[in-house]
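Colleague: So I've got this file, final.txt, and it contains compact mmCIF, C-alpha atoms:
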```txt
# COMPACT_ATOMS: atom_id res chain seq x y z
CA ASP T 10 -10.36 68.65 -27.16
CA VAL T 11 -12.56 66.91 -29.70
CA LYS T 12 -11.05 64.05 -31.59
CA VAL T 13 -11.80 61.86 -34.58
CA THR T 14 -9.21 59.14 -34.92
CA GLN T 15 -8.55 57.07 -37.99
CA SER T 16 -6.43 54.15 -36.94
CA SER T 17 -4.71 53.47 -40.25
CA ARG T 18 -3.00 56.43 -41.87
CA TYR T 19 -1.22 54.71 -44.76
CA LEU T 20 -2.11 51.35 -46.26
CA VAL T 21 -1.01 49.40 -49.29
CA LYS T 22 -3.31 46.54 -50.28
CA ARG T 23 -3.50 44.12 -53.19
CA THR T 24 -6.38 43.98 -55.64
CA GLY T 25 -9.11 41.72 -54.30
CA GLU T 26 -8.16 42.06 -50.64
CA LYS T 27 -10.75 42.99 -48.03
CA VAL T 28 -9.90 46.31 -46.42
CA PHE T 29 -11.15 47.76 -43.14
CA LEU T 30 -10.82 51.43 -42.30
CA GLU T 31 -11.68 52.24 -38.70
CA CYS T 32 -12.80 55.54 -37.26
CA VAL T 33 -13.50 56.47 -33.64
CA GLN T 34 -14.90 59.74 -32.26
CA ASP T 35 -14.93 60.80 -28.63
CA MET T 36 -17.66 63.45 -28.77
CA ASP T 37 -20.79 61.28 -28.51
CA HIS T 38 -21.91 62.56 -31.92
CA GLU T 39 -24.93 61.05 -33.60
CA ASN T 40 -23.68 61.46 -37.15
CA MET T 41 -20.61 59.88 -38.69
CA PHE T 42 -19.43 60.10 -42.28
CA TRP T 43 -16.97 58.53 -44.69
CA TYR T 44 -15.69 60.66 -47.57
CA ARG T 45 -13.10 60.12 -50.23
CA GLN T 46 -10.94 62.90 -51.57
CA ASP T 47 -9.58 62.77 -55.11
CA PRO T 48 -7.80 65.58 -56.95
CA GLY T 49 -10.25 67.91 -58.68
CA LEU T 50 -13.30 66.08 -57.35
CA GLY T 51 -13.55 67.45 -53.84
CA LEU T 52 -14.97 65.52 -50.91
CA ARG T 53 -17.42 62.87 -52.06
CA LEU T 54 -19.66 61.16 -49.53
CA ILE T 55 -19.51 57.37 -49.52
CA TYR T 56 -21.80 56.54 -46.59
CA PHE T 57 -23.06 58.19 -43.46
CA SER T 58 -24.69 57.00 -40.29
CA TYR T 59 -27.07 58.95 -38.07
CA ASP T 60 -27.37 56.37 -35.30
CA VAL T 61 -26.06 53.01 -34.20
CA LYS T 62 -26.79 50.34 -36.81
CA MET T 63 -28.31 52.99 -39.11
CA LYS T 64 -26.67 53.92 -42.39
CA GLU T 65 -27.46 55.75 -45.59
CA LYS T 66 -25.75 55.68 -48.95
CA GLY T 67 -23.96 58.78 -50.07
CA ASP T 68 -23.00 59.75 -53.59
CA ILE T 69 -20.53 56.94 -54.33
CA PRO T 70 -21.40 53.82 -52.26
CA GLU T 71 -20.57 51.24 -54.92
CA GLY T 72 -17.81 48.88 -53.82
CA TYR T 73 -18.08 49.93 -50.16
CA SER T 74 -20.01 48.92 -47.08
CA VAL T 75 -20.06 50.30 -43.54
CA SER T 76 -20.64 49.14 -40.02
CA ARG T 77 -21.70 51.04 -36.93
CA GLU T 78 -22.15 48.70 -34.00
CA LYS T 79 -21.27 51.30 -31.37
CA LYS T 80 -21.98 55.02 -31.38
CA GLU T 81 -18.33 56.04 -31.30
CA ARG T 82 -17.07 53.74 -34.06
CA PHE T 83 -17.78 53.78 -37.80
CA SER T 84 -15.98 51.35 -40.09
CA LEU T 85 -15.61 51.51 -43.86
CA ILE T 86 -15.19 48.17 -45.61
CA LEU T 87 -13.91 47.52 -49.09
CA GLU T 88 -15.08 43.98 -49.76
CA SER T 89 -12.72 43.44 -52.69
CA ALA T 90 -10.32 46.31 -53.20
CA SER T 91 -9.73 47.58 -56.70
CA THR T 92 -7.15 49.99 -58.08
CA ASN T 93 -9.81 52.67 -58.65
CA GLN T 94 -10.32 52.76 -54.91
CA THR T 95 -6.84 54.15 -54.40
CA SER T 96 -7.61 57.42 -52.67
CA MET T 97 -7.56 59.39 -49.45
CA TYR T 98 -10.42 58.47 -47.11
CA LEU T 99 -11.66 60.94 -44.56
CA CYS T 100 -13.87 60.13 -41.59
CA ALA T 101 -15.93 62.79 -39.85
CA SER T 102 -18.56 63.22 -37.18
CA SER T 103 -21.11 65.87 -36.23
CA GLU T 104 -23.90 66.54 -33.79
CA ARG T 105 -26.89 66.81 -36.13
CA ARG T 106 -26.18 69.61 -38.63
CA ASN T 107 -23.62 71.43 -36.54
CA THR T 108 -19.87 71.68 -37.13
CA ILE T 109 -18.22 68.64 -38.68
CA TYR T 110 -15.04 67.31 -37.09
CA PHE T 111 -12.67 65.41 -39.31
CA GLY T 112 -10.03 62.76 -38.83
CA GLU T 113 -6.59 63.10 -40.34
CA GLY T 114 -7.30 60.83 -43.28
CA SER T 115 -6.29 57.38 -44.42
CA TRP T 116 -4.23 57.08 -47.57
CA LEU T 117 -5.03 53.80 -49.35
CA THR T 118 -3.08 52.47 -52.30
CA VAL T 119 -4.41 49.38 -54.07
CA VAL T 120 -1.85 47.62 -56.26
CA ILE E 13 -26.84 65.44 -55.54
CA LEU E 14 -26.92 69.14 -54.70
CA ASN E 15 -24.57 71.42 -56.62
CA VAL E 16 -22.14 73.47 -54.54
CA GLU E 17 -19.56 75.37 -56.55
CA GLN E 18 -16.45 77.21 -55.43
CA SER E 19 -14.39 79.63 -57.44
CA PRO E 20 -11.66 80.04 -58.26
CA GLN E 21 -10.30 76.51 -58.09
CA SER E 22 -6.86 77.82 -57.14
CA LEU E 23 -5.28 81.12 -56.35
CA HIS E 24 -1.73 82.39 -55.88
CA VAL E 25 -1.27 85.72 -54.10
CA GLN E 26 1.66 87.68 -52.74
CA GLU E 27 2.12 88.04 -49.01
CA GLY E 28 0.21 91.09 -47.86
CA ASP E 29 -2.41 90.95 -50.63
CA SER E 30 -6.07 90.69 -49.74
CA THR E 31 -8.13 88.09 -51.52
CA ASN E 32 -11.59 86.62 -51.67
CA PHE E 33 -13.34 83.59 -53.07
CA THR E 34 -16.89 82.43 -53.65
CA CYS E 35 -19.15 79.55 -52.70
CA SER E 36 -22.41 79.13 -54.64
CA PHE E 37 -25.17 76.89 -53.34
CA PRO E 38 -28.90 76.23 -53.83
CA SER E 39 -31.02 79.15 -52.64
CA SER E 40 -33.86 76.93 -51.47
CA ASN E 41 -34.10 74.53 -48.56
CA PHE E 42 -31.28 76.34 -46.71
CA TYR E 43 -30.23 75.51 -43.16
CA ALA E 44 -26.56 76.54 -42.89
CA LEU E 45 -23.38 77.24 -44.78
CA HIS E 46 -20.05 76.13 -43.31
CA TRP E 47 -16.51 77.20 -44.18
CA TYR E 48 -13.53 74.95 -43.43
CA ARG E 49 -9.79 75.40 -43.82
CA TRP E 50 -7.74 72.37 -44.84
CA GLU E 51 -4.01 72.66 -44.45
CA THR E 52 -1.72 70.07 -46.00
CA ALA E 53 -1.19 67.01 -43.78
CA LYS E 54 -3.86 68.17 -41.32
CA SER E 55 -7.59 67.65 -40.83
CA PRO E 56 -10.05 70.21 -42.18
CA GLU E 57 -11.04 72.63 -39.43
CA ALA E 58 -14.14 74.75 -39.12
CA LEU E 59 -13.85 78.48 -39.72
CA PHE E 60 -17.45 79.62 -39.72
CA VAL E 61 -20.98 78.28 -39.45
CA MET E 62 -23.43 80.73 -40.98
CA THR E 63 -27.18 80.42 -40.74
CA LEU E 64 -28.87 83.78 -41.35
CA ASN E 65 -29.17 85.76 -44.55
CA GLY E 66 -26.88 88.77 -44.26
CA ASP E 67 -24.65 87.06 -41.67
CA GLU E 68 -21.11 88.37 -41.45
CA LYS E 69 -18.54 86.47 -39.42
CA LYS E 70 -14.96 87.38 -38.64
CA LYS E 71 -11.97 85.54 -37.18
CA GLY E 72 -8.79 87.58 -37.18
CA ARG E 73 -7.98 88.53 -40.78
CA ILE E 74 -10.59 86.17 -42.22
CA SER E 75 -14.22 87.09 -42.67
CA ALA E 76 -17.24 85.70 -44.49
CA THR E 77 -20.58 86.94 -45.71
CA LEU E 78 -23.76 85.08 -46.58
CA ASN E 79 -26.57 85.73 -49.05
CA THR E 80 -29.12 82.92 -48.82
CA LYS E 81 -31.62 84.54 -51.20
CA GLU E 82 -29.21 84.43 -54.12
CA GLY E 83 -27.24 81.43 -52.87
CA TYR E 84 -23.68 82.61 -52.35
CA SER E 85 -21.09 83.22 -49.66
CA TYR E 86 -17.81 85.09 -49.88
CA LEU E 87 -14.70 84.39 -47.85
CA TYR E 88 -12.25 87.28 -47.48
CA ILE E 89 -8.66 87.19 -46.28
CA LYS E 90 -7.09 90.53 -45.48
CA GLY E 91 -3.32 90.87 -45.72
CA SER E 92 -2.61 87.26 -46.66
CA GLN E 93 0.22 85.49 -44.87
CA PRO E 94 2.07 82.29 -45.89
CA GLU E 95 0.33 80.43 -43.05
CA ASP E 96 -3.01 81.15 -44.77
CA SER E 97 -1.97 78.75 -47.54
CA ALA E 98 -4.57 75.98 -47.51
CA THR E 99 -7.62 74.67 -49.29
CA TYR E 100 -10.81 76.43 -48.25
CA LEU E 101 -13.96 74.33 -48.40
CA CYS E 102 -17.56 75.38 -48.10
CA ALA E 103 -20.38 73.02 -47.18
CA PHE E 104 -24.09 73.59 -47.80
CA VAL E 105 -26.43 72.11 -45.20
CA PRO E 106 -30.07 71.73 -46.27
CA ASN E 107 -32.89 71.91 -43.75
CA THR E 108 -33.83 68.28 -44.28
CA GLY E 109 -31.64 65.27 -43.56
CA ASN E 110 -28.19 65.15 -42.02
CA GLN E 111 -25.94 65.54 -45.03
CA PHE E 112 -23.35 68.19 -45.78
CA TYR E 113 -22.69 69.03 -49.43
CA PHE E 114 -19.13 70.18 -50.04
CA GLY E 115 -17.73 72.28 -52.83
CA THR E 116 -14.49 71.21 -54.51
CA GLY E 117 -12.54 73.86 -52.62
CA THR E 118 -10.32 76.83 -53.40
CA SER E 119 -6.60 76.15 -53.04
CA LEU E 120 -4.81 79.28 -51.82
CA THR E 121 -1.04 79.70 -52.00
CA VAL E 122 0.47 82.78 -50.40
CA ILE E 123 3.91 83.56 -51.81
CA PRO E 124 6.35 85.14 -49.31
```
Rewrite the structure from the file as structure tokens, please.
Modeller:
Amino acid sequence: DVKVTQSSRYLVKRTGEKVFLECVQDMDHENMFWYRQDPGLGLRLIYFSYDVKMKEKGDIPEGYSVSREKKERFSLILESASTNQTSMYLCASSERRNTIYFGEGSWLTVV
Amino acid sequence: ILNVEQSPQSLHVQEGDSTNFTCSFPSSNFYALHWYRWETAKSPEALFVMTLNGDEKKKGRISATLNTKEGYSYLYIKGSQPEDSATYLCAFVPNTGNQFYFGTGTSLTVIP
């Protein structure tokens, strides 16, 4: 059974803290994605990666960075968390343009 | 940013009613159109991947059609059940790059 695992499901962080969200997939997929979901705005792409050490900005990359040192792991980094980054973050992976598989989401609250 | 629109934004139906909703996407540069179901507290899961104009796919009581020339897809649910309550997302996949462009979803509530 395919699996995308987001290690942190619920986090509360203070403004200015550095935040790491980790995602691991077990399907040997080339592509990995980070989205954020906000009410009324749908899924918005933050960053994606199509290979190890390769990354491309999505629609809303400001305030975020990513790391992909190994094929199975894609990390989202908030260098200095702000309250407007309170959201639900969803990791996903796919083999090229085939079906996307999603994690269960990470709910981040920045206070 | 490519524009993918879904309508309606939300829908409440009685158990047993049939319903449908729409995904509109660019009619050029088409590779595929995906449908996903997202139940509360779960991960979105794929329903259909559609690639050919005129495609019709079916899974149980749920079916989908695709018109790539005019840029729309319909999702139909026959005889809605409470367990069909979810947000239904469509994703447009262009034939260049590796990105998926999601609509904002249709939230379906089936009232017992």
Colleague: Find, counting only C-alpha atoms, the residue in T:Val120, T:Leu20, T:Ile109, T:Leu50 that gets nearest to Gln18 in chain E.
Modeller: T:Leu50
Colleague: Find the residues near Gln26 in chain E: any atom within 12 Å, counting all atoms listed in the file, skip ones fewer than 6 places away on the same chain, and give them as a compact mmCIF listing (two decimals) with C-alpha atoms, keeping the file's coordinate frame.
Modeller:
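See selection22.txt below for the written result:
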```txt
# COMPACT_ATOMS: atom_id res chain seq x y z
CA LYS E 90 -7.09 90.53 -45.48
CA GLY E 91 -3.32 90.87 -45.72
CA SER E 92 -2.61 87.26 -46.66
CA GLN E 93 0.22 85.49 -44.87
CA PRO E 94 2.07 82.29 -45.89
CA ASP E 96 -3.01 81.15 -44.77
CA SER E 97 -1.97 78.75 -47.54
CA LEU E 120 -4.81 79.28 -51.82
CA THR E 121 -1.04 79.70 -52.00
CA VAL E 122 0.47 82.78 -50.40
CA ILE E 123 3.91 83.56 -51.81
CA PRO E 124 6.35 85.14 -49.31
```
Colleague: Show me, as a PyMOL selection string, every residue of chain T with an atom at most 8 Å from chain E, counting only C-alpha atoms.
Modeller: chain T and resi 40+49-53+59+68+105-114
Colleague: Find the residues near Tyr88 in chain E: any atom within 12 Å, counting all atoms listed in the file, skip ones fewer than 2 places away on the same chain, and give them as a VMD selection string.
Modeller: chain E and resid 29 to 35 47 59 68 to 78 85 to 86 90 to 92 96 100 120
Colleague: Counting all atoms listed in the file, which residues have an atom no more than 7 Å from (-11.6, 44.3, -51.2) in the file's coordinates? Please list them as a ChimeraX atom specification.
Modeller: /T:24-28,87-91
Colleague: Please put the answer as lines of an AutoDock Vina configuration file: centre and edge lengths, in Å with one decimal, of a box along x, y and z that encloses all listed atoms of range 24-32 of chain E plus 8 Å on each side.
Modeller:
```
center_x = -4.7
center_y = 86.7
center_z = -51.9
size_x = 29.7
size_y = 24.7
size_z = 24.0
```
Colleague: Using only C-alpha atoms, find the one residue out of T:Gln15, T:Gln34, T:Ser74, T:Ser115 that sits nearest to Tyr98 in chain T.
Modeller: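 Selected residue with least distance to Tyr98 in chain T: T:Ser115.
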